[in-house]
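A.B. asks: final-v6.cif (mmCIF, N, CA and C atoms) pasted underneath:
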```
data_data
#
loop_
_atom_site.label_atom_id
_atom_site.label_comp_id
_atom_site.auth_asym_id
_atom_site.auth_seq_id
_atom_site.Cartn_x
_atom_site.Cartn_y
_atom_site.Cartn_z
N MET A 900 23.70 -25.19 25.57
CA MET A 900 23.34 -25.07 24.18
C MET A 900 24.53 -24.52 23.40
N LYS A 901 24.81 -25.13 22.32
CA LYS A 901 25.92 -24.70 21.47
C LYS A 901 25.44 -23.69 20.44
N ILE A 902 26.35 -22.84 19.97
CA ILE A 902 25.99 -21.93 18.90
C ILE A 902 25.81 -22.74 17.61
N ASN A 903 25.17 -22.14 16.64
CA ASN A 903 24.97 -22.78 15.34
C ASN A 903 26.15 -22.41 14.45
N ARG A 904 27.09 -23.30 14.31
CA ARG A 904 28.29 -23.04 13.50
C ARG A 904 27.98 -22.92 12.02
N GLU A 905 26.77 -23.30 11.60
CA GLU A 905 26.35 -23.18 10.20
C GLU A 905 25.56 -21.90 9.93
N ALA A 906 25.34 -21.09 10.96
CA ALA A 906 24.59 -19.84 10.79
C ALA A 906 25.35 -18.87 9.88
N PRO A 907 24.66 -17.92 9.26
CA PRO A 907 25.33 -16.97 8.38
C PRO A 907 26.28 -16.02 9.12
N VAL A 908 26.06 -15.84 10.42
CA VAL A 908 26.94 -15.01 11.23
C VAL A 908 27.41 -15.82 12.43
N VAL A 909 28.71 -15.99 12.53
CA VAL A 909 29.32 -16.73 13.64
C VAL A 909 30.62 -16.02 14.03
N GLN A 910 30.77 -15.73 15.31
CA GLN A 910 31.99 -15.11 15.80
C GLN A 910 32.37 -15.70 17.15
N THR A 911 33.66 -15.76 17.40
CA THR A 911 34.18 -16.18 18.70
C THR A 911 35.47 -15.42 18.96
N ASN A 912 35.74 -15.16 20.22
CA ASN A 912 36.96 -14.47 20.60
C ASN A 912 37.22 -14.76 22.08
N ASN A 913 38.43 -14.47 22.53
CA ASN A 913 38.74 -14.66 23.95
C ASN A 913 39.76 -13.64 24.40
N ILE A 914 39.89 -13.53 25.70
CA ILE A 914 40.83 -12.61 26.32
C ILE A 914 41.20 -13.19 27.68
N THR A 915 42.40 -12.90 28.14
CA THR A 915 42.77 -13.28 29.49
C THR A 915 42.65 -12.05 30.39
N ILE A 916 41.94 -12.23 31.49
CA ILE A 916 41.69 -11.14 32.44
C ILE A 916 42.41 -11.47 33.74
N SER A 917 43.11 -10.49 34.27
CA SER A 917 43.84 -10.67 35.53
C SER A 917 42.88 -10.55 36.71
N ALA A 918 42.00 -11.52 36.80
CA ALA A 918 41.02 -11.60 37.90
C ALA A 918 40.56 -13.04 37.96
N ASN A 919 40.05 -13.43 39.13
CA ASN A 919 39.58 -14.80 39.26
C ASN A 919 38.19 -14.95 38.63
N PRO A 920 37.78 -16.18 38.32
CA PRO A 920 36.47 -16.39 37.69
C PRO A 920 35.31 -15.81 38.51
N GLU A 921 35.41 -15.84 39.82
CA GLU A 921 34.34 -15.31 40.66
C GLU A 921 34.11 -13.82 40.43
N ARG A 922 35.20 -13.08 40.31
CA ARG A 922 35.11 -11.63 40.04
C ARG A 922 34.45 -11.38 38.68
N ILE A 923 34.92 -12.09 37.68
CA ILE A 923 34.39 -11.91 36.33
C ILE A 923 32.92 -12.32 36.28
N TRP A 924 32.59 -13.43 36.92
CA TRP A 924 31.21 -13.90 36.97
C TRP A 924 30.30 -12.85 37.59
N SER A 925 30.75 -12.23 38.68
CA SER A 925 29.90 -11.25 39.35
C SER A 925 29.63 -10.04 38.46
N VAL A 926 30.59 -9.63 37.67
CA VAL A 926 30.39 -8.50 36.74
C VAL A 926 29.52 -8.94 35.56
N LEU A 927 29.84 -10.06 34.99
CA LEU A 927 29.15 -10.54 33.80
C LEU A 927 27.68 -10.87 34.06
N THR A 928 27.36 -11.36 35.23
CA THR A 928 25.98 -11.77 35.52
C THR A 928 25.14 -10.69 36.19
N ASP A 929 25.73 -9.53 36.45
CA ASP A 929 24.96 -8.41 36.98
C ASP A 929 24.42 -7.61 35.79
N ILE A 930 23.46 -8.22 35.12
CA ILE A 930 22.97 -7.74 33.82
C ILE A 930 22.50 -6.29 33.86
N GLU A 931 21.79 -5.90 34.89
CA GLU A 931 21.27 -4.54 34.94
C GLU A 931 22.37 -3.49 35.08
N LYS A 932 23.57 -3.91 35.41
CA LYS A 932 24.70 -2.97 35.50
C LYS A 932 25.62 -3.01 34.28
N TRP A 933 25.27 -3.79 33.24
CA TRP A 933 26.09 -3.83 32.04
C TRP A 933 26.39 -2.43 31.47
N PRO A 934 25.41 -1.52 31.43
CA PRO A 934 25.71 -0.20 30.85
C PRO A 934 26.78 0.59 31.62
N ASN A 935 27.03 0.23 32.88
CA ASN A 935 28.07 0.92 33.66
C ASN A 935 29.46 0.68 33.10
N TRP A 936 29.65 -0.44 32.40
CA TRP A 936 30.98 -0.74 31.85
C TRP A 936 30.97 -1.01 30.35
N ASN A 937 29.79 -1.14 29.75
CA ASN A 937 29.70 -1.34 28.30
C ASN A 937 28.71 -0.31 27.74
N SER A 938 29.24 0.74 27.15
CA SER A 938 28.41 1.85 26.67
C SER A 938 27.52 1.48 25.49
N LYS A 939 27.72 0.33 24.88
CA LYS A 939 26.88 -0.10 23.76
C LYS A 939 25.58 -0.76 24.22
N ILE A 940 25.46 -1.00 25.51
CA ILE A 940 24.27 -1.67 26.06
C ILE A 940 23.41 -0.65 26.79
N LYS A 941 22.11 -0.71 26.51
CA LYS A 941 21.15 0.21 27.11
C LYS A 941 19.98 -0.57 27.70
N ASN A 942 19.45 -0.04 28.79
CA ASN A 942 18.18 -0.49 29.39
C ASN A 942 18.04 -1.99 29.65
N PRO A 943 19.03 -2.66 30.22
CA PRO A 943 18.82 -4.07 30.53
C PRO A 943 17.83 -4.23 31.70
N LYS A 944 16.91 -5.14 31.54
CA LYS A 944 15.91 -5.40 32.57
C LYS A 944 15.82 -6.90 32.80
N LEU A 945 16.11 -7.30 34.01
CA LEU A 945 16.06 -8.69 34.42
C LEU A 945 14.76 -8.91 35.17
N LYS A 946 14.01 -9.95 34.80
CA LYS A 946 12.68 -10.17 35.38
C LYS A 946 12.70 -10.86 36.75
N GLU A 947 13.74 -11.63 37.02
CA GLU A 947 13.84 -12.35 38.29
C GLU A 947 15.29 -12.75 38.52
N GLU A 948 15.55 -13.48 39.58
CA GLU A 948 16.92 -13.90 39.87
C GLU A 948 17.46 -14.75 38.73
N LEU A 949 18.69 -14.48 38.35
CA LEU A 949 19.31 -15.12 37.19
C LEU A 949 19.45 -16.63 37.39
N ASN A 950 18.96 -17.39 36.40
CA ASN A 950 19.07 -18.84 36.38
C ASN A 950 18.57 -19.33 35.03
N ILE A 951 18.68 -20.61 34.77
CA ILE A 951 18.19 -21.17 33.50
C ILE A 951 16.70 -20.88 33.35
N GLY A 952 16.33 -20.43 32.15
CA GLY A 952 14.94 -20.13 31.85
C GLY A 952 14.52 -18.70 32.11
N VAL A 953 15.33 -17.94 32.83
CA VAL A 953 14.99 -16.56 33.16
C VAL A 953 15.17 -15.67 31.93
N SER A 954 14.24 -14.75 31.74
CA SER A 954 14.28 -13.82 30.61
C SER A 954 14.79 -12.45 31.04
N PHE A 955 15.39 -11.75 30.09
CA PHE A 955 15.76 -10.36 30.28
C PHE A 955 15.69 -9.65 28.93
N THR A 956 15.52 -8.34 28.99
CA THR A 956 15.51 -7.53 27.78
C THR A 956 16.63 -6.50 27.87
N TRP A 957 17.09 -6.06 26.70
CA TRP A 957 18.16 -5.07 26.65
C TRP A 957 18.22 -4.51 25.24
N LYS A 958 18.99 -3.45 25.08
CA LYS A 958 19.19 -2.86 23.77
C LYS A 958 20.68 -2.81 23.46
N THR A 959 21.01 -3.09 22.21
CA THR A 959 22.37 -2.91 21.72
C THR A 959 22.29 -2.52 20.26
N ASN A 960 23.13 -1.61 19.86
CA ASN A 960 23.14 -1.11 18.48
C ASN A 960 21.74 -0.68 18.01
N GLY A 961 20.95 -0.14 18.92
CA GLY A 961 19.62 0.35 18.58
C GLY A 961 18.53 -0.70 18.51
N SER A 962 18.88 -1.96 18.70
CA SER A 962 17.89 -3.04 18.63
C SER A 962 17.52 -3.52 20.03
N LYS A 963 16.21 -3.65 20.26
CA LYS A 963 15.74 -4.23 21.51
C LYS A 963 15.76 -5.75 21.37
N ILE A 964 16.33 -6.41 22.36
CA ILE A 964 16.49 -7.87 22.31
C ILE A 964 15.83 -8.49 23.53
N LYS A 965 15.09 -9.55 23.29
CA LYS A 965 14.53 -10.35 24.38
C LYS A 965 15.37 -11.61 24.47
N SER A 966 15.94 -11.86 25.63
CA SER A 966 16.84 -13.00 25.82
C SER A 966 16.33 -13.92 26.92
N GLN A 967 16.77 -15.18 26.81
CA GLN A 967 16.43 -16.17 27.83
C GLN A 967 17.68 -17.01 28.11
N ILE A 968 18.00 -17.16 29.38
CA ILE A 968 19.17 -17.92 29.81
C ILE A 968 18.98 -19.40 29.49
N HIS A 969 19.96 -20.00 28.82
CA HIS A 969 19.92 -21.45 28.54
C HIS A 969 21.02 -22.21 29.28
N THR A 970 22.06 -21.51 29.71
CA THR A 970 23.15 -22.14 30.46
C THR A 970 23.49 -21.25 31.64
N PHE A 971 23.62 -21.86 32.81
CA PHE A 971 23.96 -21.11 34.02
C PHE A 971 24.78 -22.03 34.91
N ASN A 972 26.09 -21.94 34.77
CA ASN A 972 27.03 -22.76 35.53
C ASN A 972 27.96 -21.79 36.27
N PRO A 973 27.63 -21.41 37.52
CA PRO A 973 28.35 -20.34 38.21
C PRO A 973 29.87 -20.46 38.11
N ASN A 974 30.46 -19.31 37.79
CA ASN A 974 31.91 -19.12 37.66
C ASN A 974 32.53 -19.91 36.51
N ARG A 975 31.71 -20.49 35.64
CA ARG A 975 32.22 -21.29 34.52
C ARG A 975 31.60 -20.93 33.17
N ALA A 976 30.25 -20.85 33.10
CA ALA A 976 29.60 -20.61 31.82
C ALA A 976 28.22 -20.00 32.00
N ILE A 977 27.91 -19.08 31.09
CA ILE A 977 26.55 -18.53 31.01
C ILE A 977 26.24 -18.34 29.53
N GLY A 978 25.00 -18.60 29.18
CA GLY A 978 24.59 -18.42 27.79
C GLY A 978 23.13 -18.10 27.69
N TRP A 979 22.76 -17.45 26.58
CA TRP A 979 21.37 -17.10 26.35
C TRP A 979 21.03 -17.14 24.87
N ILE A 980 19.74 -17.24 24.63
CA ILE A 980 19.19 -17.08 23.29
C ILE A 980 18.60 -15.68 23.27
N GLY A 981 18.89 -14.93 22.22
CA GLY A 981 18.34 -13.60 22.07
C GLY A 981 17.57 -13.49 20.77
N GLN A 982 16.44 -12.76 20.81
CA GLN A 982 15.63 -12.60 19.61
C GLN A 982 15.12 -11.18 19.50
N ASN A 983 15.00 -10.72 18.25
CA ASN A 983 14.22 -9.54 17.95
C ASN A 983 13.43 -9.84 16.70
N PHE A 984 12.84 -8.85 16.06
CA PHE A 984 11.94 -9.14 14.94
C PHE A 984 12.64 -9.64 13.69
N VAL A 985 13.97 -9.52 13.59
CA VAL A 985 14.68 -9.96 12.38
C VAL A 985 15.75 -11.02 12.63
N ALA A 986 16.05 -11.33 13.88
CA ALA A 986 17.18 -12.22 14.13
C ALA A 986 16.99 -13.06 15.38
N LYS A 987 17.71 -14.18 15.38
CA LYS A 987 17.82 -15.04 16.56
C LYS A 987 19.31 -15.28 16.77
N ALA A 988 19.76 -15.15 18.01
CA ALA A 988 21.17 -15.35 18.32
C ALA A 988 21.32 -16.32 19.48
N ILE A 989 22.42 -17.05 19.47
CA ILE A 989 22.83 -17.87 20.61
C ILE A 989 24.16 -17.29 21.06
N HIS A 990 24.24 -16.93 22.33
CA HIS A 990 25.41 -16.22 22.86
C HIS A 990 25.90 -16.95 24.11
N ASN A 991 27.19 -17.32 24.12
CA ASN A 991 27.76 -18.07 25.24
C ASN A 991 29.05 -17.44 25.73
N TRP A 992 29.24 -17.47 27.03
CA TRP A 992 30.46 -17.03 27.69
C TRP A 992 31.03 -18.20 28.49
N TYR A 993 32.36 -18.38 28.43
CA TYR A 993 33.04 -19.43 29.18
C TYR A 993 34.20 -18.82 29.97
N LEU A 994 34.33 -19.23 31.23
CA LEU A 994 35.41 -18.76 32.10
C LEU A 994 36.29 -19.94 32.46
N GLU A 995 37.58 -19.79 32.22
CA GLU A 995 38.53 -20.87 32.49
C GLU A 995 39.71 -20.31 33.28
N PRO A 996 39.89 -20.77 34.53
CA PRO A 996 41.02 -20.28 35.33
C PRO A 996 42.35 -20.64 34.66
N THR A 997 43.29 -19.71 34.73
CA THR A 997 44.64 -19.94 34.22
C THR A 997 45.63 -19.44 35.28
N LYS A 998 46.91 -19.69 35.05
CA LYS A 998 47.91 -19.21 36.02
C LYS A 998 48.00 -17.69 36.01
N ASN A 999 47.52 -17.03 34.95
CA ASN A 999 47.59 -15.57 34.85
C ASN A 999 46.25 -14.88 35.10
N GLY A 1000 45.25 -15.61 35.54
CA GLY A 1000 43.93 -15.04 35.77
C GLY A 1000 42.85 -15.96 35.25
N THR A 1001 42.05 -15.44 34.31
CA THR A 1001 40.95 -16.22 33.75
C THR A 1001 40.88 -15.97 32.25
N LYS A 1002 40.81 -17.06 31.49
CA LYS A 1002 40.57 -16.95 30.05
C LYS A 1002 39.06 -16.86 29.87
N VAL A 1003 38.61 -15.79 29.23
CA VAL A 1003 37.20 -15.58 28.96
C VAL A 1003 36.98 -15.75 27.46
N THR A 1004 36.13 -16.68 27.11
CA THR A 1004 35.80 -16.93 25.70
C THR A 1004 34.34 -16.60 25.49
N VAL A 1005 34.07 -15.91 24.41
CA VAL A 1005 32.68 -15.61 24.05
C VAL A 1005 32.46 -16.07 22.61
N GLU A 1006 31.26 -16.61 22.37
CA GLU A 1006 30.90 -17.06 21.03
C GLU A 1006 29.45 -16.71 20.78
N GLU A 1007 29.15 -16.45 19.51
CA GLU A 1007 27.78 -16.11 19.15
C GLU A 1007 27.50 -16.53 17.72
N SER A 1008 26.28 -17.00 17.49
CA SER A 1008 25.78 -17.24 16.14
C SER A 1008 24.49 -16.45 15.99
N MET A 1009 24.27 -15.96 14.76
CA MET A 1009 23.06 -15.19 14.47
C MET A 1009 22.46 -15.70 13.16
N GLU A 1010 21.13 -15.76 13.15
CA GLU A 1010 20.44 -16.16 11.93
C GLU A 1010 19.10 -15.44 11.84
N GLY A 1011 18.55 -15.45 10.64
CA GLY A 1011 17.29 -14.77 10.36
C GLY A 1011 17.36 -14.20 8.96
N TRP A 1012 16.23 -13.77 8.44
CA TRP A 1012 16.18 -13.33 7.05
C TRP A 1012 17.08 -12.14 6.78
N LEU A 1013 17.08 -11.13 7.65
CA LEU A 1013 17.93 -9.97 7.44
C LEU A 1013 19.40 -10.30 7.66
N ILE A 1014 19.67 -11.16 8.61
CA ILE A 1014 21.05 -11.59 8.89
C ILE A 1014 21.60 -12.31 7.67
N GLN A 1015 20.79 -13.13 7.05
CA GLN A 1015 21.20 -13.86 5.84
C GLN A 1015 21.58 -12.88 4.72
N ILE A 1016 20.73 -11.89 4.52
CA ILE A 1016 20.96 -10.90 3.46
C ILE A 1016 22.21 -10.07 3.73
N MET A 1017 22.42 -9.72 5.01
CA MET A 1017 23.53 -8.82 5.37
C MET A 1017 24.64 -9.54 6.13
N SER A 1018 24.89 -10.79 5.79
CA SER A 1018 25.80 -11.60 6.61
C SER A 1018 27.22 -11.03 6.69
N LYS A 1019 27.76 -10.51 5.62
CA LYS A 1019 29.12 -9.97 5.67
C LYS A 1019 29.19 -8.77 6.62
N LYS A 1020 28.28 -7.84 6.46
CA LYS A 1020 28.25 -6.66 7.33
C LYS A 1020 28.00 -7.06 8.79
N MET A 1021 27.05 -7.97 9.01
CA MET A 1021 26.71 -8.39 10.38
C MET A 1021 27.86 -9.15 11.03
N ASN A 1022 28.61 -9.95 10.26
CA ASN A 1022 29.79 -10.61 10.82
C ASN A 1022 30.81 -9.58 11.29
N ASN A 1023 31.02 -8.53 10.50
CA ASN A 1023 31.96 -7.48 10.89
C ASN A 1023 31.49 -6.73 12.14
N ILE A 1024 30.20 -6.40 12.19
CA ILE A 1024 29.65 -5.71 13.36
C ILE A 1024 29.79 -6.58 14.61
N LEU A 1025 29.41 -7.85 14.49
CA LEU A 1025 29.48 -8.75 15.65
C LEU A 1025 30.93 -8.95 16.09
N LYS A 1026 31.84 -9.07 15.15
CA LYS A 1026 33.26 -9.23 15.49
C LYS A 1026 33.74 -8.06 16.34
N GLU A 1027 33.40 -6.84 15.93
CA GLU A 1027 33.81 -5.64 16.68
C GLU A 1027 33.08 -5.54 18.01
N ASP A 1028 31.80 -5.89 18.04
CA ASP A 1028 31.04 -5.85 19.30
C ASP A 1028 31.61 -6.82 20.33
N ILE A 1029 31.94 -8.03 19.91
CA ILE A 1029 32.50 -9.02 20.83
C ILE A 1029 33.86 -8.55 21.34
N LYS A 1030 34.67 -8.02 20.47
CA LYS A 1030 35.98 -7.49 20.87
C LYS A 1030 35.80 -6.37 21.91
N TYR A 1031 34.85 -5.49 21.67
CA TYR A 1031 34.57 -4.39 22.60
C TYR A 1031 34.09 -4.92 23.95
N TRP A 1032 33.15 -5.87 23.94
CA TRP A 1032 32.65 -6.47 25.19
C TRP A 1032 33.81 -7.02 26.01
N LEU A 1033 34.67 -7.79 25.36
CA LEU A 1033 35.80 -8.40 26.07
C LEU A 1033 36.74 -7.35 26.64
N GLN A 1034 37.05 -6.33 25.86
CA GLN A 1034 37.95 -5.26 26.33
C GLN A 1034 37.34 -4.53 27.52
N GLN A 1035 36.06 -4.22 27.43
CA GLN A 1035 35.40 -3.49 28.51
C GLN A 1035 35.26 -4.36 29.76
N LEU A 1036 34.98 -5.64 29.57
CA LEU A 1036 34.91 -6.56 30.70
C LEU A 1036 36.26 -6.64 31.41
N LYS A 1037 37.32 -6.70 30.65
CA LYS A 1037 38.68 -6.75 31.21
C LYS A 1037 38.95 -5.50 32.03
N ILE A 1038 38.65 -4.35 31.47
CA ILE A 1038 38.88 -3.08 32.20
C ILE A 1038 38.11 -3.08 33.51
N GLU A 1039 36.84 -3.46 33.45
CA GLU A 1039 35.99 -3.45 34.64
C GLU A 1039 36.48 -4.44 35.70
N CYS A 1040 36.85 -5.63 35.29
CA CYS A 1040 37.24 -6.66 36.24
C CYS A 1040 38.63 -6.45 36.83
N GLU A 1041 39.46 -5.70 36.13
CA GLU A 1041 40.83 -5.47 36.63
C GLU A 1041 40.94 -4.19 37.45
N LYS A 1042 39.83 -3.52 37.71
CA LYS A 1042 39.85 -2.30 38.52
C LYS A 1042 40.26 -2.61 39.95
#
```
Show me, as structure tokens, the structure contained in the file I just sent.

C.D. replies:
Amino acid sequence: MKINREAPVVQTNNITISANPERIWSVLTDIEKWPNWNSKIKNPKLKEELNIGVSFTWKTNGSKIKSQIHTFNPNRAIGWIGQNFVAKAIHNWYLEPTKNGTKVTVEESMEGWLIQIMSKKMNNILKEDIKYWLQQLKIECEK
């Protein structure tokens, strides 16, 4: 599933991590351990083994989010749809091997009535959150 490039909030960023895709995949898909390396994430709960259609809940920036996996391509791509009472998001991660490690790209679109009203602020928040996720993932995977 692709993000909605016409949504009021759209962000994408990437980073190169000095680790192979398998290492990054193992960290990125261990959802219940996200708070160990990303302090902005709280209480992730995975209902069953990770795969397409599986749901999980988590909190970020004080908001509880219910997510469902829409893409699950081991060591290459994972994505989910996330929803709360004011917003719907599509969030995708891509892993691409390079000669220096792995290029990790993340993209997200958000929409909803409150997102529409606060699109400038929400774009700034999402931009910083994605940057933080990538930096923290890099630190964790390069340990």

A.B. asks: Let me have the centre and edge lengths of the axis-aligned box enclosing all listed atoms of region 930-939 of chain A with 6 Å padding on every side, in Å to one decimal, as AutoDock Vina command-line options.

C.D. replies:
```
--center_x 26.1 --center_y -3.2 --center_z 29.6 --size_x 21.7 --size_y 22.1 --size_z 23.7
```

A.B. asks: Check the smallest atom-to-atom distance from each of A:Ile977, A:Ala918, A:Met900, A:Ile1016 to Ile930 (chain A) using only C-alpha atoms, then report the winner.

C.D. replies: A:Ile977

A.B. asks: Which of these residues is nearest to Val1005 (chain A), using only C-alpha atoms: A:Ile916, A:Leu1033, A:Ala906, A:Ile940?

C.D. replies: A:Leu1033

A.B. asks: Could you please write out, as JSON, numbers by chain, every residue of chain A that DSSP assigns to helix (DSSP H, G or I)?

C.D. replies: {"A": [920, 921, 922, 923, 924, 925, 926, 927, 930, 931, 932, 933, 934, 935, 936, 1012, 1013, 1014, 1015, 1016, 1018, 1019, 1020, 1021, 1022, 1023, 1024, 1025, 1026, 1027, 1028, 1029, 1030, 1031, 1032, 1033, 1034, 1035, 1036, 1037, 1038, 1039, 1040]}

A.B. asks: Within 8 Å of Leu949 (chain A), counting all atoms listed in the file, which residues qualify if same-chain residues fewer than 6 places away don't, as a PyMOL selection string?

C.D. replies: chain A and resi 928+968+971

A.B. asks: I would like the residues chosen by the PyMOL selection byres ((chain A and resi 981-983) around 8) on the shown file; could you give them as a PyMOL selection string?

C.D. replies: chain A and resi 962-968+978-980+984-990

A.B. asks: From the list A:Thr1001, A:Gln1035, A:Ser954, A:Gln1015, which residue is nearest Ser917 (chain A) when using only N, CA and C atoms?

C.D. replies: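 Closest to Ser917 (chain A) of all the choices is A:Thr1001.
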
A.B. asks: Rounded to one decimal place, report the CA of Gln910 (chain A)-CA of Glu1006 (chain A) distance in Å.

C.D. replies: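 Going from CA of Gln910 (chain A) over to CA of Glu1006 (chain A), I get 5.7 Å.
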
A.B. asks: For the file shown, what are the residues hit by the PyMOL selection byres (((chain A and resi 1018 and name CA) around 12) and name CA), laid out as number ranges by chain?

C.D. replies: A: 906-910, 986, 1008-1017, 1019-1026

A.B. asks: Report, in Å with one decimal, the straight-line distance from CA of Tyr1031 (chain A) to CA of Glu905 (chain A).

C.D. replies: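 It comes out at 24.0 Å.
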
A.B. asks: Taking the file above as input, evaluate the PyMOL selection byres ((chain A and resi 1004) around 5) and report the hits as a PyMOL selection string.

C.D. replies: chain A and resi 912-913+992-993+1002-1003+1005-1006

A.B. asks: So how far away is atom C of Arg904 (chain A) from atom N of Asn937 (chain A), in Å?

C.D. replies: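 Distance between the two atoms: 28.1 Å.
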
A.B. asks: Considering only C-alpha atoms, state which residue in the set A:Lys958, A:Thr997, A:His969, A:Glu1007 is at the smallest distance from Ile1029 (chain A).

C.D. replies: A:Glu1007

A.B. asks: Find the residues near Arg975 (chain A): any atom within 7 Å, counting only C-alpha atoms, skip ones fewer than 2 places away on the same chain, and give them as a count of residues only.

C.D. replies: 5
